[in-house]
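**Student:** The file below is entry05.cif, mmCIF, C-alpha atoms:
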data_work
loop_
_atom_site.label_atom_id
_atom_site.label_comp_id
_atom_site.auth_asym_id
_atom_site.auth_seq_id
_atom_site.Cartn_x
_atom_site.Cartn_y
_atom_site.Cartn_z
CA MET A 1 35.32 127.36 159.74
CA PHE A 2 38.87 127.09 160.99
CA LEU A 3 39.64 129.22 164.05
CA GLY A 4 43.38 128.52 164.12
CA PHE A 5 45.89 126.91 166.45
CA PHE A 6 45.52 127.04 170.23
CA ASP A 7 48.04 126.12 172.90
CA GLU A 8 47.35 123.15 175.16
CA MET A 9 46.02 124.06 178.63
CA ALA A 10 46.23 127.78 177.91
CA ALA A 11 43.33 130.14 178.36
CA ALA A 12 42.47 131.69 175.02
CA SER A 13 39.74 133.55 173.23
CA PHE A 14 38.65 134.00 169.66
CA VAL A 15 36.36 136.25 167.69
CA ALA A 16 33.64 134.70 165.58
CA PRO A 17 30.98 136.18 163.33
CA LEU A 18 27.25 135.80 163.65
CA THR A 19 26.33 136.42 160.04
CA ASP A 20 24.16 135.02 157.30
CA GLY A 21 25.40 133.68 153.98
CA ASP A 22 25.63 137.19 152.52
CA HIS A 23 27.82 138.49 155.37
CA GLY A 24 24.79 140.18 156.92
CA PRO A 25 25.09 140.41 160.71
CA ILE A 26 22.60 138.51 162.84
CA SER A 27 21.02 139.84 166.01
CA PRO A 28 20.63 137.00 168.53
CA ASP A 29 17.87 137.02 171.14
CA ALA A 30 20.50 136.61 173.86
CA ALA A 31 24.26 136.22 174.08
CA PRO A 32 25.47 133.20 172.08
CA VAL A 33 26.93 130.25 173.98
CA LEU A 34 30.06 128.28 173.11
CA VAL A 35 30.40 124.53 173.66
CA LEU A 36 33.49 122.56 172.64
CA TYR A 37 33.18 119.08 171.20
CA GLY A 38 35.92 116.46 171.05
CA ALA A 39 35.98 113.04 169.48
CA ASP A 40 33.96 111.63 172.39
CA GLY A 41 31.33 114.32 172.60
CA PRO A 42 30.90 117.64 174.37
CA LEU A 43 33.58 118.83 176.79
CA ALA A 44 32.80 120.25 180.20
CA GLY A 45 31.83 123.86 180.56
CA THR A 46 30.33 126.54 178.39
CA SER A 47 31.12 130.19 177.88
CA GLU A 48 28.94 133.10 176.90
CA GLY A 49 30.00 135.37 174.07
CA GLU A 50 30.46 139.11 174.43
CA PRO A 51 30.29 141.74 171.69
CA ALA A 52 33.72 142.74 170.45
CA GLN A 53 32.82 146.32 171.40
CA GLU A 54 29.80 147.75 173.18
CA GLY A 55 28.59 150.84 174.95
CA ALA A 56 25.58 152.59 176.42
CA VAL A 57 23.44 154.99 174.40
CA THR A 58 22.38 158.09 176.29
CA ALA A 59 20.79 160.07 173.45
CA ILE A 60 19.77 159.74 169.81
CA SER A 61 18.97 162.80 167.73
CA THR A 62 15.98 163.10 165.43
CA ALA A 63 18.15 164.46 162.62
CA ALA A 64 19.15 162.74 159.40
CA PRO A 65 21.47 161.03 159.86
CA ALA A 66 20.75 160.21 163.46
CA VAL A 67 23.47 161.14 165.93
CA VAL A 68 24.09 158.78 168.86
CA THR A 69 25.62 159.97 172.09
CA SER A 70 27.71 157.37 173.90
CA ALA A 71 30.46 158.46 176.27
CA ALA A 72 33.96 157.41 175.19
CA HIS A 73 32.55 155.01 172.59
CA GLY A 74 35.96 154.11 171.14
CA LEU A 75 34.57 153.60 167.63
CA GLN A 76 36.15 154.79 164.41
CA THR A 77 34.45 155.72 161.16
CA GLY A 78 33.41 152.76 159.05
CA GLN A 79 32.81 150.29 161.85
CA ALA A 80 29.52 148.40 161.83
CA VAL A 81 27.36 148.68 164.92
CA GLU A 82 24.05 147.34 166.09
CA LEU A 83 21.68 149.40 168.20
CA VAL A 84 19.61 147.41 170.68
CA GLY A 85 17.03 148.43 173.23
CA THR A 86 16.24 151.78 171.65
CA THR A 87 12.71 152.83 170.88
CA ALA A 88 12.91 153.14 167.12
CA ARG A 89 16.48 152.82 165.91
CA ASP A 90 17.29 149.18 166.59
CA GLY A 91 19.23 147.71 163.68
CA PHE A 92 22.59 147.57 161.95
CA TYR A 93 24.44 150.65 160.78
CA LEU A 94 27.83 151.87 159.66
CA ALA A 95 29.09 154.52 162.05
CA THR A 96 30.65 157.86 161.22
CA VAL A 97 32.50 159.20 164.21
CA LEU A 98 31.79 162.84 165.01
CA SER A 99 33.57 163.11 168.36
CA ALA A 100 34.85 160.94 171.17
CA ASP A 101 31.31 160.81 172.55
CA THR A 102 29.12 160.91 169.44
CA PHE A 103 28.74 159.10 166.14
CA SER A 104 26.16 159.18 163.37
CA LEU A 105 24.34 156.28 161.75
CA ASP A 106 24.90 156.19 157.99
CA GLY A 107 21.79 156.10 155.87
CA THR A 108 19.28 156.99 158.56
CA THR A 109 16.43 159.40 157.91
CA ALA A 110 14.85 161.82 160.34
CA GLY A 111 13.10 160.07 163.16
CA SER A 112 10.72 160.84 165.97
CA ALA A 113 11.95 162.04 169.31
CA GLN A 114 12.50 159.35 171.88
CA ALA A 115 13.69 158.98 175.40
CA ALA A 116 16.83 157.38 174.10
CA VAL A 117 18.19 154.59 176.14
CA GLY A 118 19.63 151.30 175.09
CA SER A 119 23.04 150.29 173.89
CA TRP A 120 25.19 149.68 170.86
CA ARG A 121 27.46 146.74 170.13
CA SER A 122 29.65 145.48 167.31
CA ALA A 123 27.44 144.21 164.52
CA GLY A 124 27.69 140.42 164.30
CA VAL A 125 31.14 140.22 165.91
CA TRP A 126 31.39 138.27 169.16
CA ARG A 127 34.31 137.29 171.38
CA PHE A 128 34.39 133.91 173.10
CA ASP A 129 36.70 132.55 175.78
CA LEU A 130 37.46 128.85 175.71
CA PRO A 131 35.48 127.36 178.64
CA THR A 132 37.79 127.05 181.63
CA ALA A 133 36.36 123.66 182.57
CA ALA A 134 37.21 122.35 179.12
CA LEU A 135 40.86 123.32 179.15
CA PRO A 136 42.15 120.18 180.95
CA SER A 137 40.46 118.04 178.29
CA LEU A 138 42.17 119.72 175.34
CA ALA A 139 44.99 117.50 174.14
CA ALA A 140 47.81 118.63 171.89
CA GLY A 141 47.56 117.24 168.39
CA SER A 142 43.78 117.05 168.42
CA THR A 143 41.07 118.89 166.56
CA TYR A 144 37.95 120.15 168.30
CA THR A 145 34.66 121.59 167.17
CA ALA A 146 33.48 124.89 168.64
CA ALA A 147 29.69 125.04 168.51
CA VAL A 148 28.21 128.50 168.90
CA THR A 149 24.51 128.28 169.70
CA TYR A 150 22.02 131.11 169.81
CA ALA A 151 18.43 131.90 168.93
CA VAL A 152 16.90 134.40 166.53
CA ALA A 153 13.21 135.14 167.16
CA ASP A 154 13.16 131.97 169.27
CA ALA A 155 14.44 129.85 166.37
CA PRO A 156 17.57 127.96 167.45
CA LYS A 157 20.73 128.41 165.40
CA ILE A 158 24.16 126.83 165.53
CA ASP A 159 27.47 127.78 163.91
CA LEU A 160 30.28 125.23 163.86
CA HIS A 161 33.97 126.13 163.88
CA THR A 162 37.12 124.03 164.10
CA LEU A 163 40.19 124.62 166.21
CA TYR A 164 43.43 122.71 166.52
CA VAL A 165 45.24 122.31 169.81
CA GLN A 166 49.03 122.16 169.69
CA MET B 167 35.80 132.78 159.58
CA THR B 168 39.08 132.54 157.72
CA ASP B 169 42.42 131.92 159.39
CA LEU B 170 45.03 134.09 157.69
CA GLY B 171 47.99 132.29 159.24
CA ARG B 172 50.89 133.13 161.53
CA TYR B 173 53.07 136.22 161.39
CA ARG B 174 55.73 138.01 163.38
CA CYS B 175 55.70 141.62 164.43
CA GLY B 176 56.95 143.65 161.47
CA ASP B 177 55.35 141.38 158.87
CA GLU B 178 52.43 142.30 156.65
CA VAL B 179 49.09 140.49 156.71
CA PRO B 180 47.09 140.47 153.47
CA VAL B 181 43.43 141.27 154.17
CA ALA B 182 40.93 141.25 151.32
CA VAL B 183 37.20 141.15 150.77
CA GLN B 184 35.10 140.52 147.69
CA VAL B 185 31.85 142.47 147.71
CA THR B 186 28.94 140.79 145.96
CA THR B 187 25.25 141.21 145.41
CA ALA B 188 22.79 138.95 147.18
CA ALA B 189 22.97 136.71 144.11
CA GLY B 190 26.73 136.43 144.43
CA ALA B 191 27.72 138.66 141.53
CA PRO B 192 30.70 140.99 142.15
CA ALA B 193 29.56 144.54 142.80
CA TRP B 194 30.91 147.83 144.08
CA PRO B 195 29.55 149.00 147.43
CA SER B 196 28.55 152.62 148.03
CA ALA B 197 31.53 153.17 150.34
CA HIS B 198 34.91 151.61 150.99
CA PRO B 199 35.07 148.70 153.44
CA HIS B 200 36.86 149.35 156.72
CA LEU B 201 39.12 146.94 158.56
CA THR B 202 39.09 146.82 162.37
CA ALA B 203 41.81 144.73 163.98
CA TYR B 204 41.26 143.53 167.55
CA ASP B 205 44.25 142.48 169.66
CA PRO B 206 44.30 139.40 171.93
CA ALA B 207 42.96 141.49 174.83
CA GLY B 208 39.98 142.57 172.75
CA ASP B 209 41.13 146.16 172.26
CA VAL B 210 41.16 147.85 168.87
CA ALA B 211 44.68 147.66 167.41
CA ALA B 212 44.00 149.39 164.09
CA VAL B 213 41.21 150.70 161.88
CA ARG B 214 42.00 151.09 158.19
CA ARG B 215 40.03 151.88 155.07
CA LEU B 216 40.50 149.17 152.46
CA PRO B 217 41.50 150.47 149.02
CA ALA B 218 40.00 149.01 145.86
CA ASP B 219 42.06 146.29 144.22
CA ARG B 220 41.45 146.73 140.50
CA ARG B 221 44.11 144.31 139.30
CA GLY B 222 42.78 142.28 136.40
CA GLY B 223 39.77 144.55 136.13
CA ALA B 224 38.24 143.00 139.21
CA THR B 225 34.91 144.37 140.41
CA GLY B 226 34.12 144.81 144.08
CA ARG B 227 37.47 143.64 145.34
CA PHE B 228 39.25 145.46 148.16
CA GLY B 229 42.41 144.64 150.02
CA LEU B 230 45.53 145.84 151.76
CA ALA B 231 48.63 144.53 153.44
CA GLN B 232 48.27 145.41 157.11
CA PHE B 233 51.68 146.20 158.56
CA LEU B 234 52.12 144.69 162.01
CA GLY B 235 53.74 147.59 163.84
CA ALA B 236 53.91 148.43 167.52
CA ALA B 237 50.15 148.01 167.95
CA PHE B 238 50.67 144.32 167.12
CA ALA B 239 53.64 143.74 169.41
CA ALA B 240 51.73 141.42 171.75
CA ALA B 241 51.78 137.80 170.65
CA GLY B 242 48.43 136.08 170.32
CA ARG B 243 45.35 135.83 168.16
CA TYR B 244 44.09 138.94 166.40
CA ALA B 245 40.74 139.36 164.69
CA ALA B 246 40.47 141.28 161.42
CA VAL B 247 36.88 142.47 161.05
CA THR B 248 35.86 144.07 157.76
CA SER B 249 32.59 145.95 157.41
CA TRP B 250 30.98 147.55 154.37
CA PRO B 251 27.58 148.64 153.04
CA ARG B 252 25.98 145.75 151.17
CA PRO B 253 24.93 146.53 147.60
CA SER B 254 21.64 144.81 148.40
CA GLY B 255 21.12 147.10 151.41
CA GLY B 256 22.16 146.95 155.01
CA VAL B 257 25.55 146.18 156.47
CA ALA B 258 27.98 143.34 155.80
CA VAL B 259 30.62 142.01 158.17
CA ARG B 260 33.44 139.55 157.60
CA VAL B 261 35.68 138.17 160.34
CA GLN B 262 39.16 136.85 159.63
CA ALA B 263 41.88 136.01 162.13
CA PHE B 264 45.62 135.75 162.29
CA GLU B 265 48.18 134.92 164.94
CA VAL B 266 51.21 136.98 165.90
CA VAL B 267 53.97 134.72 167.18
CA PRO B 268 56.97 135.87 169.25
CA GLY B 269 59.83 137.41 167.31
CA GLY B 270 60.23 140.09 164.72
CA HIS B 271 60.43 143.81 165.34
CA PRO B 272 57.73 146.50 165.31
CA ASP B 273 59.75 148.43 162.72
CA GLY B 274 59.93 145.46 160.39
CA PRO B 275 62.93 144.36 158.35
CA PRO B 276 65.31 146.70 156.49
CA ILE B 277 64.04 147.40 152.98
CA SER B 278 67.06 149.39 151.78
CA MET B 279 70.57 150.02 153.05
CA ALA B 280 73.56 152.16 152.14
CA ALA B 281 77.08 152.61 153.46
CA VAL B 282 78.03 156.26 154.05
CA ARG B 283 81.52 157.62 154.63
CA LEU B 284 81.46 160.47 157.10
CA PRO B 285 84.39 162.40 158.59
CA ASP B 286 83.87 160.93 162.04
CA ALA B 287 83.18 157.35 161.04
CA ASN B 288 81.79 155.09 158.37
CA ARG B 289 78.16 154.36 158.89
CA LEU B 290 75.28 152.32 157.56
CA ILE B 291 71.90 153.94 156.96
CA TRP B 292 68.90 151.73 156.40
CA GLN B 293 65.18 152.18 156.08
CA THR B 294 62.81 149.80 157.80
CA ALA B 295 59.50 148.52 156.49
CA GLY B 296 57.92 150.67 159.19
CA GLY B 297 59.26 153.76 157.43
CA ASN B 298 61.99 154.75 159.87
CA LEU B 299 65.57 155.63 158.93
CA VAL B 300 68.15 154.08 161.18
CA THR B 301 71.88 154.66 161.26
CA GLY B 302 74.69 152.75 162.88
CA LEU B 303 78.40 152.28 162.74
CA ASN B 304 79.58 149.91 160.07
CA PRO B 305 82.61 148.02 161.31
CA ARG B 306 83.15 146.37 157.94
CA VAL B 307 83.71 149.60 155.98
CA THR B 308 87.26 150.85 156.29
#
What do you get writing this file as structure tokens?

**Tutor:**
Amino acid sequence: MFLGFFDEMAAASFVAPLTDGDHGPISPDAAPVLVLYGADGPLAGTSEGEPAQEGAVTAISTAAPAVVTSAAHGLQTGQAVELVGTTARDGFYLATVLSADTFSLDGTTAGSAQAAVGSWRSAGVWRFDLPTAALPSLAAGSTYTAAVTYAVADAPKIDLHTLYVQ
Amino acid sequence: MTDLGRYRCGDEVPVAVQVTTAAGAPAWPSAHPHLTAYDPAGDVAAVRRLPADRRGGATGRFGLAQFLGAAFAAAGRYAAVTSWPRPSGGVAVRVQAFEVVPGGHPDGPPISMAAVRLPDANRLIWQTAGGNLVTGLNPRVT
């Protein structure tokens, strides 16, 4: 997919989805990696993606819906989040913000008590910086392919995007 | 990901989503989609609930024109992330992007204007797309 126009030699970032064909977010085994390809093959350098938003989970209630405690989470109602590293609540949810430090997970039923640790992150939304080592190779007037590679349950995946350097 | 194009501060960006079933048929979700706009620094610039767009009797279509106010004053690439509950279960996410180029004004262009004669001076009053009323002297009205 087309990422847009990028300035020559300028550091830049973009946001890309990790989703299936039905817009369902994908949970990668580890952070996805970006590699740029030009007409002559891969450019130097890689960069690791980061979730568009993320935070630590310090508690999860057993109520329905489950209430997550995360200090200064910065979310707003309706945003999609993924819980990772929790005992029983890992997955994708829409958040309803209750306070600056708590939000509930839409559609969840009562769960068992757990020593809640783990984290939350934006569901399927990752931010990538253009690899610094690749910047000198980006020529104005050229089109490049941004390959985002990751694995799901050890199965390798790749998403291809296009960007134009001006 | 869809590139929505280039805009200046004060413009409006059309953001829309079509909700479908797993088979691709248009369907209404159980709740409105929400738009989260991320600025070039990665911070949240705006979160909006998308209203239903029922023009033409469309099913499952939502959209709005996001006004690029002061939160979009910084030039650069913005991400427009829309999330909604999938009719088939679970969560859906769509990422679109647009670029804000230098220029424009966070209040947007004037959308109406009137000349007013006052005892002290003749003035212009205009309303901006951002909703503000602005007044100024009108040197052309005598």

**Student:** Can you spell out as a PyMOL selection string the set of residues that the PyMOL selection byres ((chain A and resi 34) around 6) selects in the structure I just provided?

**Tutor:** chain A and resi 33+35+46-47+147-148

**Student:** With a distance threshold of 8 Å and counting only C-alpha atoms, extract the residues of chain A near chain B and express them as a PyMOL selection string.

**Tutor:** chain A and resi 1-4+13-17+19+22-25+52+76+78-80+92-94+123-125+127

**Student:** Rounded to one decimal, what separation in Å do you get between CA of Thr225 (chain B) and CA of Ser196 (chain B)?

**Tutor:** 12.9 Å

**Student:** Rounded to one decimal, what separation in Å do you get between CA of Asp29 (chain A) and CA of Pro195 (chain B)?

**Tutor:**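 Taking CA of Asp29 (chain A) as the start and CA of Pro195 (chain B) as the end point, the length is 29.0 Å.
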
**Student:** Run through the PyMOL selection byres ((chain A and resi 159) around 7) on the given coordinates and return the selected residues as an NGL selection string.

**Tutor:** :A and (147-149 or 157-158 or 160-161)

**Student:** Can you write just those residues out, C-alpha atoms, as a CSV table (one decimal), keeping the file's coordinate frame?

**Tutor:**
chain,number,residue,atom,x,y,z
A,147,ALA,CA,29.7,125.0,168.5
A,148,VAL,CA,28.2,128.5,168.9
A,149,THR,CA,24.5,128.3,169.7
A,157,LYS,CA,20.7,128.4,165.4
A,158,ILE,CA,24.2,126.8,165.5
A,160,LEU,CA,30.3,125.2,163.9
A,161,HIS,CA,34.0,126.1,163.9

**Student:** Evaluated on this file, the PyMOL selection byres ((chain B and resi 180) around 8) picks out some residues - which ones are they, written as JSON, numbers by chain?

**Tutor:** {"B": [170, 178, 179, 181, 182, 229, 230, 231, 232]}

**Student:** Enter the distance from CA of Phe5 (chain A) to CA of Asp129 (chain A), in Å, rounded to one decimal.

**Tutor:** 14.3 Å

**Student:** Within 7 Å of Leu36 (chain A), counting only C-alpha atoms, which residues qualify if same-chain residues fewer than 6 places away don't, as number ranges by chain?

**Tutor:** A: 42-43, 144-147

**Student:** Those residues with C-alpha atoms, as a short mmCIF file (atom, residue, chain, number, x, y, z; two decimals), keeping the file's coordinate frame please?

**Tutor:**
data_model
loop_
_atom_site.label_atom_id
_atom_site.label_comp_id
_atom_site.auth_asym_id
_atom_site.auth_seq_id
_atom_site.Cartn_x
_atom_site.Cartn_y
_atom_site.Cartn_z
CA PRO A 42 30.90 117.64 174.37
CA LEU A 43 33.58 118.83 176.79
CA TYR A 144 37.95 120.15 168.30
CA THR A 145 34.66 121.59 167.17
CA ALA A 146 33.48 124.89 168.64
CA ALA A 147 29.69 125.04 168.51
#

**Student:** Name the residues within 8 Å of (51.7, 139.8, 170.0), counting only C-alpha atoms in the file's coordinates, and put them as JSON, numbers by chain.

**Tutor:** {"B": [174, 175, 205, 206, 238, 239, 240, 241, 242, 243, 265, 266, 267, 268]}

**Student:** Counting all atoms listed in the file, which residues have an atom no more than 9 Å from (51.3, 150.4, 161.6) in the file's coordinates? Please list them as a PyMOL selection string.

**Tutor:** chain B and resi 176+212+232-238+272-273+296
